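File shown: protein.txt. Contents: compact mmCIF, C-alpha atoms.
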# COMPACT_ATOMS: atom_id res chain seq x y z
CA MET A 1 -19.49 10.15 -27.29
CA ARG A 2 -16.72 7.68 -28.11
CA ILE A 3 -16.21 5.07 -25.40
CA SER A 4 -13.17 3.10 -24.19
CA ALA A 5 -14.94 -0.29 -24.48
CA ARG A 6 -12.96 -2.29 -27.06
CA ASN A 7 -15.91 -4.22 -28.47
CA GLN A 8 -18.51 -2.39 -30.52
CA ILE A 9 -20.52 -4.51 -32.93
CA LYS A 10 -23.20 -3.18 -35.25
CA GLY A 11 -26.51 -5.01 -35.50
CA ILE A 12 -30.29 -4.85 -35.78
CA VAL A 13 -32.65 -5.37 -32.84
CA VAL A 14 -34.88 -8.42 -33.36
CA GLU A 15 -36.78 -8.37 -30.06
CA VAL A 16 -37.18 -6.37 -26.86
CA LYS A 17 -38.67 -8.31 -23.94
CA LYS A 18 -39.52 -6.10 -20.97
CA GLY A 19 -39.64 -7.41 -17.42
CA ALA A 20 -40.54 -5.55 -14.25
CA THR A 21 -37.30 -3.54 -14.12
CA THR A 22 -35.00 -5.27 -16.63
CA SER A 23 -35.32 -5.77 -20.39
CA HIS A 24 -33.68 -8.34 -22.65
CA VAL A 25 -32.72 -6.93 -26.03
CA ARG A 26 -31.86 -9.43 -28.77
CA VAL A 27 -29.63 -8.15 -31.57
CA ASP A 28 -28.77 -9.80 -34.89
CA ILE A 29 -25.11 -9.06 -35.72
CA GLY A 30 -25.01 -11.24 -38.84
CA GLY A 31 -23.24 -14.55 -39.39
CA ASP A 32 -26.08 -16.38 -37.59
CA ASN A 33 -25.19 -14.63 -34.33
CA ILE A 34 -28.04 -13.27 -32.21
CA LEU A 35 -26.74 -11.56 -29.06
CA THR A 36 -28.73 -10.92 -25.87
CA SER A 37 -28.21 -7.80 -23.75
CA SER A 38 -29.80 -7.30 -20.35
CA ILE A 39 -30.34 -3.59 -19.65
CA THR A 40 -32.73 -1.43 -17.63
CA ASN A 41 -36.22 -0.63 -18.90
CA GLU A 42 -35.31 3.05 -18.50
CA ALA A 43 -32.44 2.69 -20.99
CA VAL A 44 -34.75 1.00 -23.50
CA ASP A 45 -37.25 3.85 -23.21
CA GLU A 46 -34.72 6.67 -23.20
CA LEU A 47 -32.84 5.41 -26.28
CA GLY A 48 -36.06 4.35 -28.06
CA ILE A 49 -34.79 0.81 -28.61
CA LYS A 50 -37.29 -1.42 -30.42
CA ALA A 51 -37.42 -4.18 -33.05
CA LYS A 52 -35.62 -3.15 -36.27
CA SER A 53 -33.57 -0.41 -34.50
CA ALA A 54 -30.00 -0.14 -35.81
CA VAL A 55 -27.79 -0.37 -32.71
CA THR A 56 -24.23 -1.02 -31.56
CA VAL A 57 -23.60 -3.77 -29.03
CA VAL A 58 -20.89 -2.63 -26.59
CA VAL A 59 -18.78 -4.90 -24.33
CA LYS A 60 -15.76 -4.02 -22.19
CA ALA A 61 -12.71 -6.26 -22.91
CA SER A 62 -12.55 -7.35 -19.26
CA ASP A 63 -16.11 -8.75 -19.52
CA MET A 64 -15.26 -11.01 -22.46
CA MET A 65 -14.18 -14.61 -21.83
CA ILE A 66 -12.70 -17.23 -24.16
CA GLY A 67 -13.89 -20.83 -24.46
CA VAL A 68 -12.11 -23.72 -26.14
CA ASP A 69 -13.68 -27.04 -27.15
CA MET B 1 -19.51 -27.79 -19.82
CA ARG B 2 -22.44 -25.76 -21.10
CA ILE B 3 -22.64 -22.30 -19.55
CA SER B 4 -25.52 -19.93 -18.75
CA ALA B 5 -23.90 -16.96 -20.53
CA ARG B 6 -26.27 -16.00 -23.37
CA ASN B 7 -23.62 -14.85 -25.81
CA GLN B 8 -21.28 -17.39 -27.37
CA ILE B 9 -19.69 -16.37 -30.66
CA LYS B 10 -17.34 -18.57 -32.67
CA GLY B 11 -14.15 -17.06 -34.05
CA ILE B 12 -10.44 -17.41 -34.77
CA VAL B 13 -7.71 -15.87 -32.61
CA VAL B 14 -5.65 -13.31 -34.55
CA GLU B 15 -3.31 -12.17 -31.77
CA VAL B 16 -2.40 -12.84 -28.15
CA LYS B 17 -0.58 -9.99 -26.41
CA LYS B 18 0.76 -10.94 -22.99
CA GLY B 19 1.33 -8.38 -20.23
CA ALA B 20 2.75 -8.94 -16.75
CA THR B 21 -0.41 -10.64 -15.44
CA THR B 22 -3.07 -9.93 -18.07
CA SER B 23 -3.31 -10.91 -21.74
CA HIS B 24 -5.32 -9.32 -24.53
CA VAL B 25 -6.71 -11.87 -26.97
CA ARG B 26 -8.04 -10.57 -30.31
CA VAL B 27 -10.59 -12.75 -32.07
CA ASP B 28 -11.97 -12.45 -35.60
CA ILE B 29 -15.68 -13.34 -35.57
CA GLY B 30 -16.27 -12.49 -39.23
CA GLY B 31 -18.19 -9.59 -40.75
CA ASP B 32 -15.19 -7.30 -40.16
CA ASN B 33 -15.55 -7.66 -36.41
CA ILE B 34 -12.38 -8.20 -34.36
CA LEU B 35 -13.18 -8.58 -30.65
CA THR B 36 -10.73 -8.01 -27.76
CA SER B 37 -10.87 -10.09 -24.59
CA SER B 38 -8.81 -9.31 -21.50
CA ILE B 39 -8.07 -12.50 -19.55
CA THR B 40 -5.36 -13.80 -17.22
CA ASN B 41 -2.06 -15.12 -18.57
CA GLU B 42 -2.82 -18.34 -16.69
CA ALA B 43 -6.01 -18.86 -18.71
CA VAL B 44 -4.12 -18.32 -21.96
CA ASP B 45 -1.52 -20.91 -20.98
CA GLU B 46 -3.95 -23.46 -19.55
CA LEU B 47 -6.26 -23.40 -22.58
CA GLY B 48 -3.37 -23.17 -25.06
CA ILE B 49 -4.80 -20.06 -26.72
CA LYS B 50 -2.66 -18.76 -29.57
CA ALA B 51 -2.99 -17.18 -33.02
CA LYS B 52 -5.18 -19.30 -35.34
CA SER B 53 -6.89 -21.12 -32.42
CA ALA B 54 -10.61 -21.76 -32.99
CA VAL B 55 -12.36 -20.33 -29.92
CA THR B 56 -15.73 -19.20 -28.62
CA VAL B 57 -16.06 -15.68 -27.24
CA VAL B 58 -18.37 -15.74 -24.20
CA VAL B 59 -20.20 -12.73 -22.69
CA LYS B 60 -22.87 -12.64 -19.97
CA ALA B 61 -26.05 -10.78 -21.04
CA SER B 62 -25.73 -8.38 -18.09
CA ASP B 63 -22.29 -7.26 -19.35
CA MET B 64 -23.59 -6.26 -22.78
CA MET B 65 -24.68 -2.66 -23.42
CA ILE B 66 -26.55 -1.08 -26.31
CA GLY B 67 -25.51 2.11 -28.11
CA VAL B 68 -27.60 4.21 -30.49
CA ASP B 69 -26.28 6.85 -32.87
CA MET C 1 -23.21 7.41 -29.77
CA ARG C 2 -25.59 7.41 -26.81
CA ILE C 3 -25.21 4.35 -24.60
CA SER C 4 -27.61 2.37 -22.40
CA ALA C 5 -25.34 2.53 -19.33
CA ARG C 6 -27.29 4.45 -16.67
CA ASN C 7 -24.30 6.10 -15.02
CA GLN C 8 -22.42 8.79 -16.89
CA ILE C 9 -20.46 11.24 -14.74
CA LYS C 10 -18.46 14.14 -16.11
CA GLY C 11 -14.95 14.74 -14.78
CA ILE C 12 -11.36 15.70 -15.48
CA VAL C 13 -8.52 13.18 -15.78
CA VAL C 14 -5.88 13.69 -13.08
CA GLU C 15 -3.55 10.81 -13.92
CA VAL C 16 -3.01 8.02 -16.45
CA LYS C 17 -0.80 5.18 -15.23
CA LYS C 18 0.12 2.73 -17.96
CA GLY C 19 1.01 -0.89 -17.26
CA ALA C 20 2.05 -3.60 -19.71
CA THR C 21 -1.45 -4.04 -21.19
CA THR C 22 -3.75 -2.20 -18.77
CA SER C 23 -3.94 1.45 -17.74
CA HIS C 24 -5.42 3.03 -14.64
CA VAL C 25 -7.13 6.35 -15.34
CA ARG C 26 -7.94 8.55 -12.34
CA VAL C 27 -10.76 11.06 -12.83
CA ASP C 28 -11.82 13.94 -10.56
CA ILE C 29 -15.64 14.18 -10.60
CA GLY C 30 -15.82 16.93 -7.97
CA GLY C 31 -17.03 16.74 -4.38
CA ASP C 32 -13.67 15.25 -3.31
CA ASN C 33 -14.35 12.13 -5.39
CA ILE C 34 -11.48 10.74 -7.47
CA LEU C 35 -12.57 7.67 -9.44
CA THR C 36 -10.26 4.97 -10.86
CA SER C 37 -10.99 3.22 -14.15
CA SER C 38 -9.03 0.24 -15.41
CA ILE C 39 -9.04 0.14 -19.23
CA THR C 40 -6.79 -1.14 -22.02
CA ASN C 41 -3.73 0.83 -23.14
CA GLU C 42 -5.22 0.74 -26.65
CA ALA C 43 -8.33 2.62 -25.47
CA VAL C 44 -6.16 5.26 -23.78
CA ASP C 45 -4.20 5.78 -26.99
CA GLU C 46 -7.16 5.69 -29.36
CA LEU C 47 -9.21 8.19 -27.38
CA GLY C 48 -6.19 10.37 -26.54
CA ILE C 49 -6.88 10.23 -22.81
CA LYS C 50 -4.33 12.16 -20.73
CA ALA C 51 -4.12 14.38 -17.64
CA LYS C 52 -6.55 17.34 -17.88
CA SER C 53 -8.75 15.61 -20.51
CA ALA C 54 -12.47 16.27 -20.03
CA VAL C 55 -14.10 12.85 -19.94
CA THR C 56 -17.27 11.01 -18.95
CA VAL C 57 -17.01 8.07 -16.56
CA VAL C 58 -19.46 5.35 -17.63
CA VAL C 59 -20.77 2.49 -15.45
CA LYS C 60 -23.54 -0.04 -16.16
CA ALA C 61 -26.20 -0.15 -13.41
CA SER C 62 -25.62 -3.89 -12.89
CA ASP C 63 -21.95 -3.17 -12.01
CA MET C 64 -22.82 -0.75 -9.21
CA MET C 65 -23.13 -2.01 -5.64
CA ILE C 66 -24.48 -0.33 -2.51
CA GLY C 67 -22.72 -0.28 0.87
CA VAL C 68 -24.21 0.68 4.23
CA ASP C 69 -22.24 1.50 7.41
CA MET D 1 -15.32 -4.72 6.11
CA ARG D 2 -13.03 -2.67 3.86
CA ILE D 3 -13.22 -3.72 0.22
CA SER D 4 -10.71 -3.70 -2.67
CA ALA D 5 -13.08 -1.85 -5.04
CA ARG D 6 -11.38 1.46 -5.89
CA ASN D 7 -14.54 3.53 -6.24
CA GLN D 8 -16.59 4.30 -3.17
CA ILE D 9 -18.81 7.37 -3.40
CA LYS D 10 -21.03 8.60 -0.57
CA GLY D 11 -24.62 9.60 -1.36
CA ILE D 12 -28.26 9.60 -0.31
CA VAL D 13 -30.86 7.22 -1.74
CA VAL D 14 -33.60 9.07 -3.61
CA GLU D 15 -35.65 6.10 -4.81
CA VAL D 16 -35.87 2.30 -4.58
CA LYS D 17 -37.89 0.64 -7.35
CA LYS D 18 -38.50 -3.05 -6.75
CA GLY D 19 -39.09 -5.51 -9.59
CA ALA D 20 -39.82 -9.23 -9.38
CA THR D 21 -36.26 -10.19 -8.37
CA THR D 22 -34.18 -7.06 -9.08
CA SER D 23 -34.35 -3.54 -7.60
CA HIS D 24 -33.10 -0.27 -9.01
CA VAL D 25 -31.66 2.05 -6.36
CA ARG D 26 -31.15 5.68 -7.31
CA VAL D 27 -28.53 7.58 -5.30
CA ASP D 28 -27.79 11.32 -5.25
CA ILE D 29 -24.01 11.82 -4.96
CA GLY D 30 -24.13 15.62 -5.31
CA GLY D 31 -23.00 17.79 -8.21
CA ASP D 32 -26.27 17.01 -10.06
CA ASN D 33 -25.28 13.35 -10.37
CA ILE D 34 -27.94 10.72 -9.66
CA LEU D 35 -26.54 7.20 -10.00
CA THR D 36 -28.57 4.01 -10.63
CA SER D 37 -27.58 0.68 -9.11
CA SER D 38 -29.25 -2.60 -10.04
CA ILE D 39 -29.11 -5.05 -7.11
CA THR D 40 -31.16 -7.97 -5.79
CA ASN D 41 -34.34 -7.40 -3.77
CA GLU D 42 -32.74 -9.51 -1.04
CA ALA D 43 -29.84 -7.05 -0.71
CA VAL D 44 -32.28 -4.13 -0.45
CA ASP D 45 -34.20 -5.88 2.33
CA GLU D 46 -31.16 -7.18 4.22
CA LEU D 47 -29.39 -3.81 4.26
CA GLY D 48 -32.62 -1.85 4.88
CA ILE D 49 -32.01 0.41 1.89
CA LYS D 50 -34.79 2.98 1.39
CA ALA D 51 -35.28 6.59 0.33
CA LYS D 52 -33.11 8.97 2.43
CA SER D 53 -30.68 6.19 3.48
CA ALA D 54 -27.05 7.34 3.63
CA VAL D 55 -25.14 4.84 1.48
CA THR D 56 -21.86 4.30 -0.35
CA VAL D 57 -21.94 3.47 -4.05
CA VAL D 58 -19.21 0.89 -4.82
CA VAL D 59 -17.74 0.13 -8.28
CA LYS D 60 -14.75 -2.05 -9.18
CA ALA D 61 -12.16 -0.20 -11.34
CA SER D 62 -12.44 -2.83 -14.08
CA ASP D 63 -16.18 -2.05 -14.45
CA MET D 64 -15.61 1.65 -15.10
CA MET D 65 -15.29 2.92 -18.68
CA ILE D 66 -14.20 6.28 -20.06
CA GLY D 67 -16.05 8.27 -22.72
CA VAL D 68 -14.75 11.22 -24.72
CA ASP D 69 -16.87 13.67 -26.74
CA MET E 1 -19.33 -1.35 5.73
CA ARG E 2 -21.86 -4.00 4.77
CA ILE E 3 -22.22 -4.42 1.00
CA SER E 4 -25.10 -5.47 -1.27
CA ALA E 5 -23.03 -8.14 -3.08
CA ARG E 6 -24.76 -11.47 -2.37
CA ASN E 7 -21.61 -13.60 -2.37
CA GLN E 8 -19.13 -13.22 0.45
CA ILE E 9 -16.86 -16.20 1.08
CA LYS E 10 -14.24 -16.34 3.82
CA GLY E 11 -10.78 -17.66 2.97
CA ILE E 12 -7.03 -17.37 3.41
CA VAL E 13 -4.72 -15.76 0.84
CA VAL E 14 -2.22 -18.26 -0.57
CA GLU E 15 -0.44 -16.01 -3.07
CA VAL E 16 -0.30 -12.42 -4.32
CA LYS E 17 1.24 -12.00 -7.77
CA LYS E 18 1.83 -8.36 -8.69
CA GLY E 19 1.94 -7.16 -12.28
CA ALA E 20 2.60 -3.66 -13.60
CA THR E 21 -0.82 -2.31 -12.53
CA THR E 22 -2.88 -5.41 -11.71
CA SER E 23 -2.40 -8.12 -9.07
CA HIS E 24 -3.75 -11.64 -8.95
CA VAL E 25 -4.73 -12.74 -5.45
CA ARG E 26 -5.29 -16.47 -4.88
CA VAL E 27 -7.53 -17.39 -1.95
CA ASP E 28 -8.14 -20.81 -0.41
CA ILE E 29 -11.83 -21.06 0.60
CA GLY E 30 -11.64 -24.71 1.68
CA GLY E 31 -13.11 -27.79 0.01
CA ASP E 32 -10.18 -27.86 -2.44
CA ASN E 33 -11.30 -24.55 -3.97
CA ILE E 34 -8.64 -21.92 -4.69
CA LEU E 35 -10.18 -18.73 -6.13
CA THR E 36 -8.35 -16.08 -8.18
CA SER E 37 -9.20 -12.40 -7.91
CA SER E 38 -7.78 -9.76 -10.23
CA ILE E 39 -7.56 -6.38 -8.44
CA THR E 40 -5.42 -3.24 -8.62
CA ASN E 41 -1.97 -3.11 -7.02
CA GLU E 42 -3.22 -0.08 -5.07
CA ALA E 43 -5.97 -2.14 -3.44
CA VAL E 44 -3.45 -4.81 -2.45
CA ASP E 45 -1.20 -2.20 -0.84
CA GLU E 46 -3.98 -0.21 0.84
CA LEU E 47 -5.63 -3.25 2.41
CA GLY E 48 -2.30 -4.92 3.25
CA ILE E 49 -3.25 -8.13 1.44
CA LYS E 50 -0.50 -10.77 1.55
CA ALA E 51 -0.07 -14.54 1.87
CA LYS E 52 -1.85 -15.89 4.98
CA SER E 53 -4.18 -12.85 5.26
CA ALA E 54 -7.72 -13.75 6.33
CA VAL E 55 -9.99 -12.19 3.70
CA THR E 56 -13.51 -12.29 2.30
CA VAL E 57 -13.96 -12.92 -1.42
CA VAL E 58 -16.85 -10.74 -2.71
CA VAL E 59 -18.82 -11.30 -5.95
CA LYS E 60 -21.98 -9.55 -7.18
CA ALA E 61 -24.79 -12.01 -8.08
CA SER E 62 -24.98 -10.61 -11.62
CA ASP E 63 -21.30 -11.58 -12.19
CA MET E 64 -21.86 -15.23 -11.32
CA MET E 65 -22.65 -17.75 -14.07
CA ILE E 66 -23.83 -21.35 -13.91
CA GLY E 67 -22.31 -24.24 -15.86
CA VAL E 68 -23.79 -27.68 -16.39
CA ASP E 69 -21.92 -30.78 -17.61
CA MET F 1 -16.25 -26.30 -23.66
CA ARG F 2 -13.48 -25.25 -21.29
CA ILE F 3 -13.63 -21.56 -20.36
CA SER F 4 -10.98 -18.98 -19.43
CA ALA F 5 -12.80 -17.90 -16.24
CA ARG F 6 -10.44 -18.72 -13.36
CA ASN F 7 -13.11 -19.56 -10.81
CA GLN F 8 -15.16 -22.71 -11.24
CA ILE F 9 -16.74 -24.11 -8.07
CA LYS F 10 -18.85 -27.26 -7.95
CA GLY F 11 -22.10 -27.22 -6.00
CA ILE F 12 -25.74 -28.27 -5.78
CA VAL F 13 -28.65 -25.96 -6.60
CA VAL F 14 -30.86 -25.36 -3.55
CA GLU F 15 -33.37 -22.94 -5.07
CA VAL F 16 -34.32 -21.30 -8.36
CA LYS F 17 -36.44 -18.15 -7.99
CA LYS F 18 -37.80 -16.89 -11.31
CA GLY F 19 -38.68 -13.24 -11.89
CA ALA F 20 -40.14 -11.63 -15.01
CA THR F 21 -36.90 -11.89 -17.03
CA THR F 22 -34.22 -12.72 -14.45
CA SER F 23 -33.79 -15.74 -12.14
CA HIS F 24 -31.84 -16.07 -8.93
CA VAL F 25 -30.15 -19.44 -8.55
CA ARG F 26 -28.85 -20.37 -5.11
CA VAL F 27 -26.07 -22.95 -5.00
CA ASP F 28 -24.63 -24.80 -1.99
CA ILE F 29 -20.85 -25.15 -2.47
CA GLY F 30 -20.22 -26.72 0.95
CA GLY F 31 -18.50 -25.21 3.99
CA ASP F 32 -21.73 -23.34 4.88
CA ASN F 33 -21.45 -21.24 1.72
CA ILE F 34 -24.60 -20.67 -0.33
CA LEU F 35 -23.90 -18.58 -3.44
CA THR F 36 -26.46 -16.56 -5.42
CA SER F 37 -26.24 -16.21 -9.19
CA SER F 38 -28.46 -13.87 -11.20
CA ILE F 39 -28.98 -15.21 -14.73
CA THR F 40 -31.65 -15.02 -17.44
CA ASN F 41 -34.78 -17.18 -17.30
CA GLU F 42 -33.81 -18.46 -20.74
CA ALA F 43 -30.51 -19.84 -19.41
CA VAL F 44 -32.34 -21.59 -16.57
CA ASP F 45 -34.73 -23.22 -19.03
CA GLU F 46 -32.13 -24.12 -21.65
CA LEU F 47 -29.73 -25.74 -19.17
CA GLY F 48 -32.56 -27.36 -17.17
CA ILE F 49 -31.35 -25.84 -13.90
CA LYS F 50 -33.52 -26.78 -10.92
CA ALA F 51 -33.23 -27.65 -7.23
CA LYS F 52 -30.78 -30.55 -6.67
CA SER F 53 -29.03 -30.02 -10.04
CA ALA F 54 -25.26 -30.55 -9.88
CA VAL F 55 -23.72 -27.37 -11.33
CA THR F 56 -20.50 -25.39 -11.55
CA VAL F 57 -20.51 -21.75 -10.43
CA VAL F 58 -18.30 -19.70 -12.79
CA VAL F 59 -16.77 -16.26 -12.05
CA LYS F 60 -14.20 -14.29 -14.05
CA ALA F 61 -11.18 -13.20 -11.95
CA SER F 62 -11.79 -9.54 -12.80
CA ASP F 63 -15.28 -9.76 -11.21
CA MET F 64 -13.96 -10.98 -7.86
CA MET F 65 -13.17 -8.48 -5.09
CA ILE F 66 -11.35 -8.89 -1.79
CA GLY F 67 -12.62 -7.61 1.56
CA VAL F 68 -10.63 -7.28 4.80
CA ASP F 69 -12.09 -6.81 8.28

As C-alpha cells, what does this structure read like?
Amino acid sequence: MRISARNQIKGIVVEVKKGATTSHVRVDIGGDNILTSSITNEAVDELGIKAKSAVTVVVKASDMMIGVD
Amino acid sequence: MRISARNQIKGIVVEVKKGATTSHVRVDIGGDNILTSSITNEAVDELGIKAKSAVTVVVKASDMMIGVD
Amino acid sequence: MRISARNQIKGIVVEVKKGATTSHVRVDIGGDNILTSSITNEAVDELGIKAKSAVTVVVKASDMMIGVD
Amino acid sequence: MRISARNQIKGIVVEVKKGATTSHVRVDIGGDNILTSSITNEAVDELGIKAKSAVTVVVKASDMMIGVD
Amino acid sequence: MRISARNQIKGIVVEVKKGATTSHVRVDIGGDNILTSSITNEAVDELGIKAKSAVTVVVKASDMMIGVD
Amino acid sequence: MRISARNQIKGIVVEVKKGATTSHVRVDIGGDNILTSSITNEAVDELGIKAKSAVTVVVKASDMMIGVD
C-alpha cells in the first residue's frame, strides 16, 4: 500500500521498549538522528518490529511542526 | 523553550508554499530526505520562515508511525 | 508497505475537493458512513486519488476518540 | 455537545484493554471493521466504556490518511 | 455526546477566517489566552460557528505537549 | 526555540502520573481549567517535569477541535 502521508523516512530500528499497552520504537535514520515512535504493542507484534529491522518512519504533514532558534 | 516532543530534526527550508490559510514548508534534513510540514500562514509569518532558513522539524512520538515492506 | 496504524478501512472515494494547498477526500466505507480525510494536494496527485478510486482509510489508534450519548 | 470532527461512526465496544495509564478500546462498526482507539484510563472510567457499550468513534479529518494499493 | 478527549475548555469565538477548504477559528478562553483551531469549512458551517459563539475547545491528551523554559 | 504551534498556554503542573512508557501530566492553566497531556516518560525525565513546575502547554492548531452545545 502507498500512503498519502508526505513524510516517509527509511531507517533501522535500534530499540523496542514495550510498556503495558504502548511501545516506544527508536529508529536510526542517519545523520545522528534517532527518532522515537509511540505505537501499540499489537502493531509491534503484527509487523515483527525488533532491533535491526529495516523500517520506514511515516508522519502526516499536518503532524509536523517547525521550530526556529 | 525546550519541548517534550521526542523528535527534533535540524534542516534547511527549501520551499514555502502558501495557501489561503495553510502553508506547506519543505525542509531538507540531509540523506536525501525532504520533509513536508503543514502549518498556518500565521506561524510562517511570525517565525519568519522562508527558503534557506535553518529550522528544526518537530514531531510528537505519538504522531510517528512505522512501516515495513 | 504495511503500516503500524491500527485502523485501515476499505472504501470508495465519492468526492475530492481541492483547496489552495489542502484537499478534502470523502470516502464511502459502507453502512451509511462517509468519511472525510484532509490531505495535501500533492498526495492526491501523486496517488491519483479521484472519485470512484478504491482506497483504504488509515487512522492511528492514538488519533481515535470515543463518544458516548 | 456537537463536535467539529468530521468523522463520527457508530459502533459497539468489543473489548477494553487497560494498561498502566492508557487503554485500548476495540469497537465493531459493522462491515467486518473493528477499530482500535487508544485513550486514557480516566476517559474509560469517566464515560463508563465497557464491552457491549454503544459508542461513537470520532476522528478529526486532518488525522485521516488515504492509502492506495 | 460526551467525548473521551481529556481537554475541554470553554471560550468565546473572536474570529473565523475561512480559507479554500480550511478555517481558522480563534477562541478567547480568558486569562489573556486566545487559542487557534484549524477545522474544515464544513464544520464551521454545520455547527454555525461565528464571532461571539460560545464554544468548547477540545484537545485529545495525546496531542498536548509540554514546554519548559 | 520558538515553535510554529499556535497554542501555547502557561500553567503550573499539579500532578505527574507515570505509567510503563507513558506519563500523564496535569497542568493548571487558571480559570478552573486543568489540562491533561500524555507524553513519554523520557520527556518527563529529560525536562525535569514535576508537580509545581512552571510549564507551557503546546498544541498545534490542527489538533484542536471545536464543540457547540

Among listed residues D:Asp63, D:Glu46, D:Asp69, D:Glu15, nearest chain F (using only C-alpha atoms):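 Under the stated criterion, the closest residue is D:Asp63.
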
Interface, chain B side, toward chain D (12 Å; only C-alpha atoms) as an mmCIF file with C-alpha atoms, keeping the file's coordinate frame:
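Result written to iface_16.cif:
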data_model
loop_
_atom_site.group_PDB
_atom_site.id
_atom_site.type_symbol
_atom_site.label_atom_id
_atom_site.label_comp_id
_atom_site.auth_asym_id
_atom_site.auth_seq_id
_atom_site.Cartn_x
_atom_site.Cartn_y
_atom_site.Cartn_z
ATOM 1 C CA SER B 38 -8.810 -9.310 -21.500
ATOM 2 C CA ILE B 39 -8.070 -12.500 -19.550
ATOM 3 C CA SER B 62 -25.730 -8.380 -18.090
ATOM 4 C CA ASP B 63 -22.290 -7.260 -19.350
ATOM 5 C CA MET B 64 -23.590 -6.260 -22.780
ATOM 6 C CA MET B 65 -24.680 -2.660 -23.420
#

Rounded to one decimal place, report the atom CA of B:Thr36-atom CA of B:Gly19 distance in Å. 14.2 Å

Could you pull the residues within 8 Å of F:Ala61, counting all atoms listed in the file, minus those fewer than 6 positions along the same chain, as number ranges by chain? B: 40; E: 36-38; F: 5-7

Exercise: stretch 50-55 of chain E partners within 7 Å, all atoms listed in the file, chain neighbours under 6 positions left out, as a PyMOL selection string: (chain E and resi 10-16) or (chain F and resi 66-68)

For F:Leu35, please output as a list of chain:residue names all residues within 7 Å (counting all atoms listed in the file; exclusion window: fewer than 5 positions along the same chain).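 What passes the distance filter is E:Asn7, F:Arg26, F:Val27, F:Asp28.
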
Suppose you want the space between atom CA of B:Thr22 and atom CA of C:Ser4; what is it in Å?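 That distance, rounded to one decimal, is 27.8 Å.
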
Between atom CA of F:Lys60 and atom CA of B:Val57, what is the spacing in Å?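 Separation between atom CA of B:Val57 and atom CA of F:Lys60: 13.4 Å.
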
Which of these, A:Ala20, A:Val58, A:Met1, A:Ile9, has the shortest distance to A:Asn33 once you count all atoms listed in the file?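 Of all the options, A:Ile9 lies closest to A:Asn33.
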
Residue neighbourhood E:Gly31, 8 Å, only C-alpha atoms, exclusion window fewer than 2 positions, as a PyMOL selection string: (chain E and resi 29+33) or (chain F and resi 30-31)

Kindly save the residues from that selection, with C-alpha atoms included, as a PDB file, in the coordinates of the input.
ATOM      1  CA  ILE E  29     -11.830 -21.060   0.600  1.00  0.00           C
ATOM      2  CA  ASN E  33     -11.300 -24.550  -3.970  1.00  0.00           C
TER       3      ASN E  33
ATOM      4  CA  GLY F  30     -20.220 -26.720   0.950  1.00  0.00           C
ATOM      5  CA  GLY F  31     -18.500 -25.210   3.990  1.00  0.00           C
TER       6      GLY F  31
END

Write stretch 4-14 of chain C as a PDB file, in the frame of the given file, completed to N, CA, C and O atoms.
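The file below, out.pdb, is the result:
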ATOM      1  N   SER C   4     -26.582   2.761 -23.378  1.00  0.00           N
ATOM      2  CA  SER C   4     -27.610   2.370 -22.400  1.00  0.00           C
ATOM      3  C   SER C   4     -27.148   2.466 -20.953  1.00  0.00           C
ATOM      4  O   SER C   4     -27.986   2.539 -20.050  1.00  0.00           O
ATOM      5  N   ALA C   5     -25.846   2.497 -20.716  1.00  0.00           N
ATOM      6  CA  ALA C   5     -25.340   2.530 -19.330  1.00  0.00           C
ATOM      7  C   ALA C   5     -25.956   3.720 -18.594  1.00  0.00           C
ATOM      8  O   ALA C   5     -25.912   4.859 -19.063  1.00  0.00           O
ATOM      9  N   ARG C   6     -26.533   3.438 -17.414  1.00  0.00           N
ATOM     10  CA  ARG C   6     -27.290   4.450 -16.670  1.00  0.00           C
ATOM     11  C   ARG C   6     -26.430   5.505 -16.004  1.00  0.00           C
ATOM     12  O   ARG C   6     -26.941   6.556 -15.598  1.00  0.00           O
ATOM     13  N   ASN C   7     -25.129   5.215 -15.830  1.00  0.00           N
ATOM     14  CA  ASN C   7     -24.300   6.100 -15.020  1.00  0.00           C
ATOM     15  C   ASN C   7     -23.226   6.739 -15.871  1.00  0.00           C
ATOM     16  O   ASN C   7     -22.338   6.056 -16.369  1.00  0.00           O
ATOM     17  N   GLN C   8     -23.336   8.045 -16.039  1.00  0.00           N
ATOM     18  CA  GLN C   8     -22.420   8.790 -16.890  1.00  0.00           C
ATOM     19  C   GLN C   8     -22.103  10.075 -16.132  1.00  0.00           C
ATOM     20  O   GLN C   8     -22.939  10.956 -16.006  1.00  0.00           O
ATOM     21  N   ILE C   9     -20.863  10.172 -15.654  1.00  0.00           N
ATOM     22  CA  ILE C   9     -20.460  11.240 -14.740  1.00  0.00           C
ATOM     23  C   ILE C   9     -19.329  12.032 -15.376  1.00  0.00           C
ATOM     24  O   ILE C   9     -18.289  11.462 -15.724  1.00  0.00           O
ATOM     25  N   LYS C  10     -19.494  13.315 -15.493  1.00  0.00           N
ATOM     26  CA  LYS C  10     -18.460  14.140 -16.110  1.00  0.00           C
ATOM     27  C   LYS C  10     -17.323  14.421 -15.119  1.00  0.00           C
ATOM     28  O   LYS C  10     -17.562  14.583 -13.912  1.00  0.00           O
ATOM     29  N   GLY C  11     -16.090  14.458 -15.643  1.00  0.00           N
ATOM     30  CA  GLY C  11     -14.950  14.740 -14.780  1.00  0.00           C
ATOM     31  C   GLY C  11     -13.720  15.092 -15.590  1.00  0.00           C
ATOM     32  O   GLY C  11     -13.774  15.180 -16.827  1.00  0.00           O
ATOM     33  N   ILE C  12     -12.626  15.313 -14.862  1.00  0.00           N
ATOM     34  CA  ILE C  12     -11.360  15.700 -15.480  1.00  0.00           C
ATOM     35  C   ILE C  12     -10.301  14.668 -15.075  1.00  0.00           C
ATOM     36  O   ILE C  12     -10.161  14.350 -13.895  1.00  0.00           O
ATOM     37  N   VAL C  13      -9.563  14.173 -16.066  1.00  0.00           N
ATOM     38  CA  VAL C  13      -8.520  13.180 -15.780  1.00  0.00           C
ATOM     39  C   VAL C  13      -7.407  13.838 -14.959  1.00  0.00           C
ATOM     40  O   VAL C  13      -6.934  14.927 -15.295  1.00  0.00           O
ATOM     41  N   VAL C  14      -7.000  13.167 -13.880  1.00  0.00           N
ATOM     42  CA  VAL C  14      -5.880  13.690 -13.080  1.00  0.00           C
ATOM     43  C   VAL C  14      -4.602  12.877 -13.272  1.00  0.00           C
ATOM     44  O   VAL C  14      -3.508  13.369 -13.010  1.00  0.00           O
TER      45      VAL C  14
END
